[in-house]
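With mmCIF, C-alpha atoms and all ligand atoms inside, this is target-v9.cif:
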```
data_my_file
loop_
_atom_site.label_atom_id
_atom_site.label_comp_id
_atom_site.auth_asym_id
_atom_site.auth_seq_id
_atom_site.Cartn_x
_atom_site.Cartn_y
_atom_site.Cartn_z
CA MET O 24 0.00 0.00 0.00
CA THR O 25 1.41 3.38 -0.97
CA ALA O 26 1.19 6.36 1.34
CA ASP O 27 0.86 9.81 -0.20
CA LEU O 28 1.88 12.90 1.72
CA HIS O 29 0.24 16.10 0.45
CA LEU O 30 1.82 19.38 1.51
CA GLY O 31 0.15 22.80 1.40
CA GLN O 32 -1.78 25.31 3.46
CA LEU O 33 -4.58 23.84 5.53
CA ILE O 34 -7.72 24.96 7.35
CA GLN O 35 -9.29 22.55 9.84
CA PHE O 36 -12.50 23.23 11.71
CA ASP O 37 -12.54 22.31 15.39
CA ALA O 38 -16.13 23.53 15.75
CA ASN O 39 -18.98 25.13 13.86
CA PRO O 40 -17.98 28.74 13.03
CA PHE O 41 -21.64 29.82 13.18
CA PHE O 42 -21.45 29.11 16.92
CA GLU O 43 -17.78 29.56 17.75
CA GLY O 44 -16.79 32.29 15.27
CA PRO O 45 -13.96 32.24 12.69
CA ALA O 46 -11.47 30.93 15.28
CA ALA O 47 -13.20 27.56 14.85
CA GLY O 48 -11.12 27.28 11.66
CA ARG O 49 -7.46 26.58 12.40
CA HIS O 50 -4.96 27.59 9.72
CA THR O 51 -1.57 25.92 9.22
CA ALA O 52 0.62 27.59 6.58
CA ARG O 53 2.80 24.54 5.99
CA ALA O 54 0.80 21.42 6.70
CA ALA O 55 0.54 17.86 5.49
CA LEU O 56 -2.12 15.24 4.93
CA LEU O 57 -1.16 11.57 4.84
CA VAL O 58 -3.42 9.51 2.60
CA GLU O 59 -3.48 5.73 2.63
CA ASP O 60 -6.03 3.46 1.03
CA GLY O 61 -8.52 6.27 0.36
CA LYS O 62 -8.46 7.64 3.90
CA ILE O 63 -6.69 10.43 5.73
CA THR O 64 -4.44 8.64 8.21
CA ASP O 65 -2.37 11.48 9.60
CA ILE O 66 -2.51 15.26 9.56
CA GLY O 67 -0.29 17.97 11.00
CA ALA O 68 2.72 20.20 10.45
CA ALA O 69 4.59 19.37 7.23
CA ASP O 70 8.02 18.91 8.83
CA GLN O 71 6.67 16.61 11.51
CA LEU O 72 4.78 14.41 9.07
CA ARG O 73 7.72 14.20 6.64
CA ALA O 74 9.88 12.94 9.49
CA ALA O 75 7.23 10.53 10.75
CA HIS O 76 6.51 9.04 7.30
CA PRO O 77 9.83 8.97 5.42
CA ASP O 78 8.61 6.40 2.89
CA ALA O 79 5.53 8.32 1.80
CA VAL O 80 5.42 9.78 -1.70
CA VAL O 81 5.54 13.56 -1.27
CA HIS O 82 3.27 15.85 -3.33
CA ASP O 83 4.14 19.47 -2.60
CA HIS O 84 1.29 21.82 -3.52
CA GLY O 85 3.18 24.92 -2.39
CA ALA O 86 0.89 27.72 -1.21
CA LYS O 87 -2.27 26.02 -2.44
CA LEU O 88 -4.96 25.54 0.17
CA LEU O 89 -5.89 21.94 0.90
CA ALA O 90 -9.59 21.82 1.75
CA PRO O 91 -12.26 19.13 1.93
CA GLY O 92 -13.95 18.37 -1.39
CA PHE O 93 -17.11 20.42 -1.65
CA VAL O 94 -20.41 18.78 -0.75
CA ASP O 95 -23.38 19.89 -2.85
CA ALA O 96 -26.44 18.99 -0.77
CA HIS O 97 -29.14 19.51 -3.43
CA ALA O 98 -28.89 19.27 -7.22
CA HIS O 99 -30.69 17.88 -10.26
CA TYR O 100 -28.09 16.19 -12.46
CA PRO O 101 -30.63 15.66 -15.30
CA GLN O 102 -30.87 19.45 -15.65
CA THR O 103 -27.19 19.72 -16.66
CA GLY O 104 -28.02 20.26 -20.33
CA MET O 105 -30.57 23.05 -19.72
CA ILE O 106 -28.78 25.06 -17.02
CA ALA O 107 -29.03 28.83 -17.64
CA SER O 108 -32.42 28.80 -19.39
CA TRP O 109 -33.83 32.30 -19.66
CA GLY O 110 -36.70 34.25 -18.31
CA LYS O 111 -39.08 32.07 -16.23
CA ARG O 112 -40.16 31.68 -12.67
CA LEU O 113 -40.44 28.31 -10.94
CA ILE O 114 -43.60 26.68 -12.29
CA ASP O 115 -43.19 28.06 -15.85
CA TRP O 116 -39.51 27.18 -15.73
CA LEU O 117 -40.36 23.58 -14.79
CA ASN O 118 -42.97 23.25 -17.55
CA THR O 119 -41.02 25.06 -20.26
CA TYR O 120 -37.48 23.83 -19.79
CA THR O 121 -37.16 21.21 -17.09
CA PHE O 122 -39.82 18.64 -17.82
CA PRO O 123 -39.02 18.34 -21.56
CA GLU O 124 -35.35 17.77 -20.70
CA GLU O 125 -36.12 15.27 -17.94
CA SER O 126 -38.35 13.33 -20.37
CA ARG O 127 -35.22 12.40 -22.31
CA PHE O 128 -33.91 10.25 -19.45
CA HIS O 129 -36.00 7.24 -20.38
CA ASP O 130 -33.08 6.60 -22.75
CA PRO O 131 -30.28 4.83 -20.84
CA ALA O 132 -27.61 6.03 -23.29
CA TYR O 133 -28.61 9.67 -22.81
CA ALA O 134 -28.80 9.24 -19.03
CA ALA O 135 -25.32 7.70 -18.98
CA GLU O 136 -23.90 10.48 -21.16
CA ILE O 137 -25.26 13.25 -18.93
CA ALA O 138 -24.38 11.45 -15.68
CA GLY O 139 -20.74 11.11 -16.75
CA ARG O 140 -20.58 14.68 -18.01
CA TYR O 141 -22.13 15.97 -14.81
CA LEU O 142 -19.77 14.15 -12.44
CA ASP O 143 -16.76 15.29 -14.45
CA LEU O 144 -18.04 18.88 -14.18
CA LEU O 145 -18.38 18.42 -10.42
CA ILE O 146 -14.81 17.15 -10.13
CA ALA O 147 -13.57 20.06 -12.25
CA HIS O 148 -15.30 22.41 -9.80
CA GLY O 149 -13.96 20.63 -6.69
CA THR O 150 -17.19 18.93 -5.65
CA THR O 151 -16.63 15.39 -4.46
CA THR O 152 -20.13 14.58 -3.14
CA VAL O 153 -23.57 15.50 -4.40
CA CYS O 154 -27.08 14.70 -3.27
CA SER O 155 -29.03 14.67 -6.52
CA PHE O 156 -32.55 14.28 -7.73
CA CYS O 157 -32.78 12.03 -10.79
CA THR O 158 -35.87 11.75 -13.02
CA ILE O 159 -38.88 9.46 -12.70
CA HIS O 160 -37.00 6.85 -14.75
CA PRO O 161 -35.15 4.17 -12.75
CA THR O 162 -32.59 4.19 -15.54
CA SER O 163 -31.63 7.75 -14.57
CA VAL O 164 -30.72 6.54 -11.07
CA GLU O 165 -28.79 3.56 -12.42
CA ALA O 166 -26.86 5.91 -14.71
CA LEU O 167 -25.79 8.27 -11.92
CA PHE O 168 -24.82 5.57 -9.42
CA THR O 169 -22.94 3.67 -12.15
CA ALA O 170 -21.00 6.79 -13.17
CA ALA O 171 -20.27 7.56 -9.50
CA GLU O 172 -19.09 4.01 -8.86
CA ALA O 173 -16.68 4.25 -11.82
CA ARG O 174 -15.16 7.35 -10.15
CA ASN O 175 -15.49 5.95 -6.60
CA MET O 176 -17.48 9.05 -5.63
CA ARG O 177 -19.69 9.36 -2.56
CA VAL O 178 -23.05 10.12 -4.16
CA PHE O 179 -26.55 10.37 -2.71
CA ALA O 180 -29.43 10.12 -5.18
CA GLY O 181 -32.95 8.92 -5.74
CA LYS O 182 -35.68 8.46 -8.30
CA THR O 183 -37.80 11.62 -8.48
CA CYS O 184 -41.43 10.67 -7.92
CA MET O 185 -44.33 12.51 -9.60
CA ASP O 186 -47.85 11.24 -10.27
CA ARG O 187 -49.67 14.47 -11.10
CA ASN O 188 -49.19 17.95 -12.57
CA ALA O 189 -46.47 16.73 -14.92
CA PRO O 190 -46.54 15.56 -18.56
CA ASP O 191 -47.66 11.96 -19.24
CA SER O 192 -44.09 10.99 -20.06
CA LEU O 193 -42.99 12.07 -16.57
CA ARG O 194 -45.67 10.52 -14.40
CA ASP O 195 -45.44 7.37 -12.34
CA THR O 196 -48.11 6.17 -9.89
CA ALA O 197 -48.23 5.87 -6.13
CA GLN O 198 -47.58 2.13 -6.42
CA SER O 199 -44.86 2.24 -9.08
CA ALA O 200 -43.07 5.11 -7.31
CA HIS O 201 -43.00 3.01 -4.14
CA ASP O 202 -41.96 -0.19 -5.89
CA ASP O 203 -39.33 1.36 -8.17
CA SER O 204 -37.85 3.39 -5.30
CA LYS O 205 -37.72 0.28 -3.12
CA ALA O 206 -36.01 -1.80 -5.81
CA LEU O 207 -33.42 0.94 -6.42
CA LEU O 208 -32.89 1.38 -2.69
CA GLN O 209 -32.30 -2.35 -2.27
CA ALA O 210 -29.92 -2.43 -5.22
CA TRP O 211 -27.86 0.66 -4.39
CA HIS O 212 -28.15 1.83 -0.79
CA GLY O 213 -24.82 1.10 0.89
CA ARG O 214 -23.26 -0.39 -2.27
CA GLY O 215 -19.74 1.04 -2.34
CA ARG O 216 -20.08 4.76 -1.66
CA ALA O 217 -23.71 5.07 -2.83
CA SER O 218 -26.63 6.13 -0.65
CA TYR O 219 -30.21 5.96 -1.86
CA VAL O 220 -32.44 8.94 -1.08
CA ILE O 221 -36.25 8.70 -1.12
CA THR O 222 -37.28 11.55 -3.45
CA PRO O 223 -40.79 12.96 -3.84
CA ARG O 224 -40.15 16.01 -6.09
CA PHE O 225 -42.50 18.37 -4.18
CA SER O 226 -46.06 18.08 -2.99
CA PRO O 227 -47.67 19.71 -6.08
CA THR O 228 -46.50 16.80 -8.25
CA SER O 229 -47.53 14.02 -5.87
CA THR O 230 -51.01 12.87 -4.92
CA PRO O 231 -51.62 12.26 -1.22
CA GLU O 232 -51.56 8.53 -2.07
CA GLN O 233 -48.05 8.83 -3.48
CA LEU O 234 -46.83 10.84 -0.50
CA ILE O 235 -48.27 8.17 1.83
CA ALA O 236 -46.60 5.36 -0.16
CA LEU O 237 -43.22 7.10 0.04
CA GLY O 238 -43.76 7.88 3.72
CA GLN O 239 -44.30 4.17 4.31
CA LEU O 240 -41.14 3.30 2.41
CA TRP O 241 -39.21 5.80 4.54
CA ALA O 242 -40.67 4.29 7.71
CA GLU O 243 -39.35 0.90 6.55
CA HIS O 244 -35.90 2.42 5.81
CA PRO O 245 -35.46 5.21 8.36
CA ASP O 246 -31.68 5.27 7.85
CA CYS O 247 -32.23 6.57 4.32
CA LEU O 248 -32.41 10.27 3.69
CA MET O 249 -35.57 11.75 2.17
CA GLN O 250 -35.22 14.85 -0.04
CA THR O 251 -37.79 17.24 -1.43
CA HIS O 252 -38.55 20.95 -1.96
CA LEU O 253 -40.24 23.29 0.51
CA SER O 254 -41.55 26.88 0.28
CA GLU O 255 -39.40 28.07 -2.61
CA GLN O 256 -41.74 30.63 -4.24
CA THR O 257 -44.86 32.39 -2.99
CA ASP O 258 -47.07 31.33 -5.93
CA GLU O 259 -45.89 27.73 -5.43
CA ILE O 260 -47.02 27.98 -1.79
CA GLN O 261 -50.47 29.22 -2.87
CA TRP O 262 -50.72 26.34 -5.32
CA VAL O 263 -49.87 23.89 -2.54
CA GLN O 264 -52.62 25.43 -0.37
CA SER O 265 -55.17 24.94 -3.16
CA LEU O 266 -54.07 21.34 -3.79
CA PHE O 267 -54.07 20.42 -0.06
CA PRO O 268 -56.91 22.50 1.47
CA GLN O 269 -56.72 20.58 4.76
CA ALA O 270 -53.03 21.27 5.28
CA ARG O 271 -51.97 23.79 7.92
CA ASP O 272 -49.08 24.91 5.71
CA TYR O 273 -46.66 23.57 3.07
CA LEU O 274 -44.66 21.51 5.58
CA ASP O 275 -47.86 19.86 6.76
CA THR O 276 -48.33 18.31 3.30
CA TYR O 277 -45.20 16.29 4.09
CA GLU O 278 -45.80 15.89 7.80
CA ALA O 279 -49.33 14.50 7.36
CA HIS O 280 -48.02 11.81 5.00
CA GLY O 281 -45.03 10.55 6.98
CA LEU O 282 -42.47 12.70 5.17
CA LEU O 283 -41.17 14.85 8.01
CA GLY O 284 -38.22 13.50 9.96
CA GLN O 285 -34.69 14.06 11.13
CA ASN O 286 -33.28 12.46 8.00
CA GLY O 287 -35.32 14.77 5.82
CA LEU O 288 -33.65 17.33 3.55
CA TYR O 289 -35.85 20.27 2.64
CA GLY O 290 -34.52 22.31 -0.27
CA HIS O 291 -34.96 26.12 -0.37
CA ALA O 292 -37.14 26.67 2.76
CA ILE O 293 -37.33 30.40 2.11
CA HIS O 294 -40.86 31.49 2.97
CA LEU O 295 -41.40 29.55 6.20
CA THR O 296 -44.15 30.21 8.74
CA GLU O 297 -43.43 30.24 12.47
CA ARG O 298 -45.08 26.84 12.81
CA GLU O 299 -42.94 25.38 10.04
CA ARG O 300 -39.77 26.71 11.63
CA ALA O 301 -40.73 25.33 14.99
CA ARG O 302 -41.60 21.87 13.64
CA LEU O 303 -38.47 21.63 11.49
CA SER O 304 -36.41 22.56 14.53
CA GLU O 305 -38.25 20.14 16.80
CA VAL O 306 -37.60 17.16 14.53
CA GLY O 307 -34.05 18.30 13.70
CA ALA O 308 -34.57 18.15 9.94
CA ALA O 309 -32.01 19.69 7.56
CA LEU O 310 -32.63 22.72 5.36
CA VAL O 311 -30.67 23.22 2.16
CA HIS O 312 -29.84 26.72 0.97
CA CYS O 313 -29.63 27.04 -2.82
CA PRO O 314 -28.55 30.65 -3.32
CA THR O 315 -27.74 30.85 -7.05
CA SER O 316 -31.08 29.19 -7.77
CA ASN O 317 -32.95 31.54 -5.48
CA THR O 318 -31.62 34.60 -7.27
CA PHE O 319 -31.75 33.04 -10.76
CA ILE O 320 -35.40 31.90 -10.54
CA GLY O 321 -36.28 34.92 -8.40
CA SER O 322 -37.45 32.93 -5.37
CA GLY O 323 -36.41 35.04 -2.38
CA LEU O 324 -33.81 35.54 0.32
CA PHE O 325 -33.08 32.59 2.65
CA ASP O 326 -32.86 33.56 6.33
CA MET O 327 -29.43 32.08 7.07
CA ASP O 328 -28.89 34.18 10.18
CA GLY O 329 -32.24 33.50 11.80
CA LEU O 330 -32.25 29.80 10.98
CA THR O 331 -28.68 29.08 12.07
CA ARG O 332 -29.16 31.08 15.29
CA ALA O 333 -32.25 29.00 15.99
CA GLY O 334 -30.06 25.89 15.66
CA HIS O 335 -31.36 24.54 12.34
CA THR O 336 -29.04 22.26 10.39
CA VAL O 337 -28.32 24.03 7.09
CA GLY O 338 -26.48 22.70 4.06
CA LEU O 339 -25.39 24.56 0.93
CA ALA O 340 -26.16 23.57 -2.64
CA THR O 341 -26.09 24.58 -6.30
CA ASP O 342 -29.58 23.28 -7.20
CA THR O 343 -28.29 22.78 -10.75
CA GLY O 344 -29.94 23.60 -13.18
CA GLY O 345 -32.31 26.01 -11.37
CA GLY O 346 -29.02 27.13 -9.91
CA SER O 347 -26.93 28.97 -12.45
CA SER O 348 -23.59 27.30 -11.71
CA PHE O 349 -22.00 23.92 -10.96
CA SER O 350 -19.57 25.68 -8.62
CA MET O 351 -19.81 25.61 -4.84
CA LEU O 352 -17.46 28.61 -4.82
CA ARG O 353 -20.10 30.50 -6.79
CA SER O 354 -22.74 29.17 -4.38
CA MET O 355 -20.74 30.51 -1.42
CA ALA O 356 -20.52 33.90 -3.17
CA ALA O 357 -24.27 33.96 -3.76
CA ALA O 358 -24.89 32.95 -0.13
CA TYR O 359 -22.70 35.88 0.89
CA GLU O 360 -24.66 38.25 -1.37
CA ILE O 361 -28.02 37.05 -0.05
CA GLY O 362 -26.68 37.43 3.49
CA GLN O 363 -25.72 41.01 2.69
CA LEU O 364 -29.20 41.73 1.33
CA ARG O 365 -30.54 40.48 4.67
CA GLY O 366 -28.05 42.47 6.72
CA ARG O 367 -25.71 39.65 7.78
CA ALA O 368 -22.23 39.34 6.22
CA LEU O 369 -21.26 35.66 6.34
CA HIS O 370 -17.60 35.20 7.25
CA PRO O 371 -15.38 33.21 4.83
CA ALA O 372 -15.03 30.62 7.61
CA GLU O 373 -18.80 30.20 7.70
CA LEU O 374 -19.01 29.98 3.90
CA LEU O 375 -16.24 27.36 3.64
CA TRP O 376 -17.75 25.39 6.51
CA LEU O 377 -21.22 25.45 4.90
CA ALA O 378 -19.89 24.11 1.59
CA THR O 379 -18.04 21.25 3.29
CA GLU O 380 -18.86 20.11 6.83
CA GLY O 381 -22.20 21.96 6.91
CA SER O 382 -23.51 20.12 3.87
CA ALA O 383 -22.00 16.85 5.11
CA THR O 384 -23.83 17.36 8.41
CA ALA O 385 -27.08 17.92 6.52
CA LEU O 386 -26.39 14.62 4.72
CA ARG O 387 -25.68 12.96 8.10
CA ASP O 388 -22.22 11.88 6.99
CA THR O 389 -19.26 12.47 9.31
CA GLY O 390 -16.79 10.76 6.94
CA ILE O 391 -16.77 13.55 4.34
CA GLY O 392 -16.55 17.35 4.35
CA ARG O 393 -13.71 17.30 6.92
CA LEU O 394 -9.96 17.02 6.91
CA ALA O 395 -9.37 14.75 9.88
CA VAL O 396 -7.78 11.42 10.65
CA GLY O 397 -10.20 8.67 9.62
CA ALA O 398 -12.10 10.85 7.13
CA ASP O 399 -12.37 9.88 3.48
CA ALA O 400 -9.57 11.39 1.39
CA ASP O 401 -11.93 13.53 -0.72
CA PHE O 402 -10.14 16.85 -0.94
CA VAL O 403 -9.09 19.69 -3.20
CA ALA O 404 -6.09 21.94 -3.70
CA LEU O 405 -7.31 25.51 -4.18
CA ASP O 406 -5.16 28.01 -6.03
CA LEU O 407 -5.78 31.30 -4.22
CA GLU O 408 -4.28 33.21 -7.18
CA SER O 409 -6.07 31.50 -10.06
CA THR O 410 -6.68 34.64 -12.13
CA PRO O 411 -4.89 38.01 -12.29
CA ALA O 412 -7.90 39.72 -10.71
CA ILE O 413 -7.97 37.30 -7.78
CA ALA O 414 -4.17 37.22 -7.39
CA GLN O 415 -3.77 40.99 -7.13
CA ARG O 416 -6.30 41.02 -4.29
CA SER O 417 -5.20 37.94 -2.36
CA GLN O 418 -1.54 39.02 -2.48
CA ARG O 419 -2.26 41.95 -0.18
CA ALA O 420 -4.21 39.85 2.35
CA ASP O 421 -3.23 39.93 6.02
CA ASP O 422 -4.59 36.52 6.94
CA ILE O 423 -5.87 33.31 5.37
CA TRP O 424 -9.51 34.41 5.41
CA GLU O 425 -8.72 37.60 3.52
CA ALA O 426 -6.59 35.54 1.12
CA LEU O 427 -9.42 33.05 0.56
CA PHE O 428 -12.30 35.49 0.21
CA PRO O 429 -11.44 36.73 -3.34
CA THR O 430 -11.46 33.10 -4.50
CA ILE O 431 -14.85 32.58 -2.86
CA MET O 432 -16.25 35.70 -4.51
CA MET O 433 -14.55 35.53 -7.92
CA GLY O 434 -13.29 31.95 -8.26
CA ASP O 435 -14.49 29.19 -10.55
CA ASP O 436 -13.14 25.86 -11.78
CA ARG O 437 -9.79 27.52 -12.51
CA ALA O 438 -9.30 27.90 -8.76
CA VAL O 439 -9.50 24.13 -8.29
CA ALA O 440 -5.99 22.95 -9.09
CA GLN O 441 -6.81 19.29 -8.33
CA THR O 442 -9.62 17.19 -6.87
CA TRP O 443 -8.89 13.89 -5.11
CA VAL O 444 -11.63 11.31 -4.66
CA ALA O 445 -10.75 8.63 -2.12
CA GLY O 446 -7.12 9.67 -2.51
CA VAL O 447 -7.06 9.52 -6.32
CA PRO O 448 -6.56 12.71 -8.39
CA LEU O 449 -9.44 12.90 -10.88
CA LYS O 450 -9.38 16.38 -12.33
CA ALA O 451 -8.20 16.24 -15.94
N1 LIG O 501 -39.36 22.45 -7.27
C1 LIG O 501 -39.77 21.29 -7.82
N2 LIG O 501 -38.92 20.83 -8.73
C2 LIG O 501 -37.91 21.71 -8.77
C3 LIG O 501 -36.70 21.77 -9.53
O1 LIG O 501 -36.39 20.93 -10.36
N3 LIG O 501 -35.91 22.85 -9.29
C4 LIG O 501 -36.25 23.82 -8.39
N4 LIG O 501 -35.43 24.84 -8.19
N5 LIG O 501 -37.37 23.77 -7.68
C5 LIG O 501 -38.19 22.73 -7.87
ZN ZN O 502 -34.22 21.39 -6.51
#
```

Written as structure tokens, that's how I'd like the structure from this file.
Amino acid sequence: MTADLHLGQLIQFDANPFFEGPAAGRHTARAALLVEDGKITDIGAADQLRAAHPDAVVHDHGAKLLAPGFVDAHAHYPQTGMIASWGKRLIDWLNTYTFPEESRFHDPAYAAEIAGRYLDLLIAHGTTTVCSFCTIHPTSVEALFTAAEARNMRVFAGKTCMDRNAPDSLRDTAQSAHDDSKALLQAWHGRGRASYVITPRFSPTSTPEQLIALGQLWAEHPDCLMQTHLSEQTDEIQWVQSLFPQARDYLDTYEAHGLLGQNGLYGHAIHLTERERARLSEVGAALVHCPTSNTFIGSGLFDMDGLTRAGHTVGLATDTGGGSSFSMLRSMAAAYEIGQLRGRALHPAELLWLATEGSATALRDTGIGRLAVGADADFVALDLESTPAIAQRSQRADDIWEALFPTIMMGDDRAVAQTWVAGVPLKA
């Protein structure tokens, strides 16, 4: 077994910077990570680790910042081909652009092509784990997990279930959604680095019968995550009220059908009522902030400050292709901008934590999103001077956070010098 010793700058989080402040992130200017068999087996000062592991193969990344691979907690890989589609708000955007594209995934060859393209784009952008919606077609799930297995990537995904308010070509039934999801779960959950996620798209596209069927499946497999959308746009919320007249609010359409729980991931969660906030907090469910999507589709401004102060678990995500970028750096920048519009400047430590350990926490996975002994060796080397514009700003920085912030705000895939998945460099 070879041991690889990676040298560079390092930030490690000892605690959550939302609670403990920026000092929760510890910076070492000359640090090392020892990687053996896909895991981080030692970490510390470069000189110490070189002396302790004289036989390790040394990879010196100079002043590059070694950071955990980014964790994108909510995305739609089938929307890769129609990202950046112009001029619509949520429901029109779904009907005009999204559903026609998702209809193409009945074709296994097309699904495989997009799945491979998508994961390679993620790696280019430094993302090593995604939690993705697929389409209603089981073949779309097979394609993503197969492509992830070929790259040994930690991927969470599930068949998107819809049995109403979608074109004929994109509708399943309550029974087939349950049965197909169950078969996929049994085939893939826990196979290699795959995790199956029970995936009702959102309550407008599921009948109560389908929500109940998926709630039952979740009750049988409570260790699985369940992902969906919640309170993204105000007209969507009104539509939900008209479709579920008995429901107290949007969250209740999930709660009443067995789809509210600690392992639930609720994407967007922008326009929440007091009751919804209280219930989400009580059950300890995770919320996923999708900032580039929220500005692109015009959905609203997520209350990061209020929700994190109240102790909610919050992950960060691109929401590709409602989101306008594959990049978690761009997502951090958009989260910063939305924070500013709400009067709370997120610190670079908070942004980096959200895109790594925060999202991993939302996905209930302690093995990723961290640089620590025993963690999976999914990491990136960030070039903090990847363009002339970024370099001229970071060169006058007084500390690591000021050096990192221009890359957060202006960086893209050029800032990701390399991405390692389970210790193997995959960026072309
Ligand atoms: N709500 C239901 N489906 C979707 C989707 O595909 N993208 C976004 N942003 N919101 C949704
Ligand atoms: Zn989404």

| Within 12 Å of ligand ZN 502 (chain O), counting all atoms listed in the file: which residues, as a ChimeraX atom specification? | /O:95-102,113,117,121,154-158,183,222-225,250-255,288-292,311-317,320,339-346

Could you take the residues named above and write them with C-alpha atoms, as a PDB file, in the coordinates of the input?
```pdb
ATOM      1  CA  ASP O  95     -23.380  19.890  -2.850  1.00  0.00           C
ATOM      2  CA  ALA O  96     -26.440  18.990  -0.770  1.00  0.00           C
ATOM      3  CA  HIS O  97     -29.140  19.510  -3.430  1.00  0.00           C
ATOM      4  CA  ALA O  98     -28.890  19.270  -7.220  1.00  0.00           C
ATOM      5  CA  HIS O  99     -30.690  17.880 -10.260  1.00  0.00           C
ATOM      6  CA  TYR O 100     -28.090  16.190 -12.460  1.00  0.00           C
ATOM      7  CA  PRO O 101     -30.630  15.660 -15.300  1.00  0.00           C
ATOM      8  CA  GLN O 102     -30.870  19.450 -15.650  1.00  0.00           C
ATOM      9  CA  LEU O 113     -40.440  28.310 -10.940  1.00  0.00           C
ATOM     10  CA  LEU O 117     -40.360  23.580 -14.790  1.00  0.00           C
ATOM     11  CA  THR O 121     -37.160  21.210 -17.090  1.00  0.00           C
ATOM     12  CA  CYS O 154     -27.080  14.700  -3.270  1.00  0.00           C
ATOM     13  CA  SER O 155     -29.030  14.670  -6.520  1.00  0.00           C
ATOM     14  CA  PHE O 156     -32.550  14.280  -7.730  1.00  0.00           C
ATOM     15  CA  CYS O 157     -32.780  12.030 -10.790  1.00  0.00           C
ATOM     16  CA  THR O 158     -35.870  11.750 -13.020  1.00  0.00           C
ATOM     17  CA  THR O 183     -37.800  11.620  -8.480  1.00  0.00           C
ATOM     18  CA  THR O 222     -37.280  11.550  -3.450  1.00  0.00           C
ATOM     19  CA  PRO O 223     -40.790  12.960  -3.840  1.00  0.00           C
ATOM     20  CA  ARG O 224     -40.150  16.010  -6.090  1.00  0.00           C
ATOM     21  CA  PHE O 225     -42.500  18.370  -4.180  1.00  0.00           C
ATOM     22  CA  GLN O 250     -35.220  14.850  -0.040  1.00  0.00           C
ATOM     23  CA  THR O 251     -37.790  17.240  -1.430  1.00  0.00           C
ATOM     24  CA  HIS O 252     -38.550  20.950  -1.960  1.00  0.00           C
ATOM     25  CA  LEU O 253     -40.240  23.290   0.510  1.00  0.00           C
ATOM     26  CA  SER O 254     -41.550  26.880   0.280  1.00  0.00           C
ATOM     27  CA  GLU O 255     -39.400  28.070  -2.610  1.00  0.00           C
ATOM     28  CA  LEU O 288     -33.650  17.330   3.550  1.00  0.00           C
ATOM     29  CA  TYR O 289     -35.850  20.270   2.640  1.00  0.00           C
ATOM     30  CA  GLY O 290     -34.520  22.310  -0.270  1.00  0.00           C
ATOM     31  CA  HIS O 291     -34.960  26.120  -0.370  1.00  0.00           C
ATOM     32  CA  ALA O 292     -37.140  26.670   2.760  1.00  0.00           C
ATOM     33  CA  VAL O 311     -30.670  23.220   2.160  1.00  0.00           C
ATOM     34  CA  HIS O 312     -29.840  26.720   0.970  1.00  0.00           C
ATOM     35  CA  CYS O 313     -29.630  27.040  -2.820  1.00  0.00           C
ATOM     36  CA  PRO O 314     -28.550  30.650  -3.320  1.00  0.00           C
ATOM     37  CA  THR O 315     -27.740  30.850  -7.050  1.00  0.00           C
ATOM     38  CA  SER O 316     -31.080  29.190  -7.770  1.00  0.00           C
ATOM     39  CA  ASN O 317     -32.950  31.540  -5.480  1.00  0.00           C
ATOM     40  CA  ILE O 320     -35.400  31.900 -10.540  1.00  0.00           C
ATOM     41  CA  LEU O 339     -25.390  24.560   0.930  1.00  0.00           C
ATOM     42  CA  ALA O 340     -26.160  23.570  -2.640  1.00  0.00           C
ATOM     43  CA  THR O 341     -26.090  24.580  -6.300  1.00  0.00           C
ATOM     44  CA  ASP O 342     -29.580  23.280  -7.200  1.00  0.00           C
ATOM     45  CA  THR O 343     -28.290  22.780 -10.750  1.00  0.00           C
ATOM     46  CA  GLY O 344     -29.940  23.600 -13.180  1.00  0.00           C
ATOM     47  CA  GLY O 345     -32.310  26.010 -11.370  1.00  0.00           C
ATOM     48  CA  GLY O 346     -29.020  27.130  -9.910  1.00  0.00           C
TER      49      GLY O 346
END
```

Excluding stretch 72-76 of chain O and any residue of its chain fewer than 4 positions from it, enumerate the residues within 9 Å of it, using all atoms listed in the file, and give them as a PDB file with C-alpha atoms, keeping the file's coordinate frame.
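In the end it all went to selection-v5.pdb:
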```pdb
ATOM      1  CA  ALA O  26       1.190   6.360   1.340  1.00  0.00           C
ATOM      2  CA  LEU O  28       1.880  12.900   1.720  1.00  0.00           C
ATOM      3  CA  ALA O  54       0.800  21.420   6.700  1.00  0.00           C
ATOM      4  CA  ALA O  55       0.540  17.860   5.490  1.00  0.00           C
ATOM      5  CA  LEU O  56      -2.120  15.240   4.930  1.00  0.00           C
ATOM      6  CA  LEU O  57      -1.160  11.570   4.840  1.00  0.00           C
ATOM      7  CA  ASP O  65      -2.370  11.480   9.600  1.00  0.00           C
ATOM      8  CA  ILE O  66      -2.510  15.260   9.560  1.00  0.00           C
ATOM      9  CA  GLY O  67      -0.290  17.970  11.000  1.00  0.00           C
ATOM     10  CA  ALA O  68       2.720  20.200  10.450  1.00  0.00           C
ATOM     11  CA  VAL O  81       5.540  13.560  -1.270  1.00  0.00           C
TER      12      VAL O  81
END
```

| Which is closest to O:Leu324 among O:Arg353, O:Lys182, O:Lys87, O:Arg367, if we use only C-alpha atoms? |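 Of O:Arg353, O:Lys182, O:Lys87, O:Arg367, the one nearest O:Leu324 is O:Arg367, counting only C-alpha atoms.
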
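Shortest separation to ligand LIG 501 (chain O) among O:Leu142, O:Gly149, O:Gly321, O:Phe42 occurs at residue O:Gly321, atoms counted being only C-alpha atoms and all ligand atoms.
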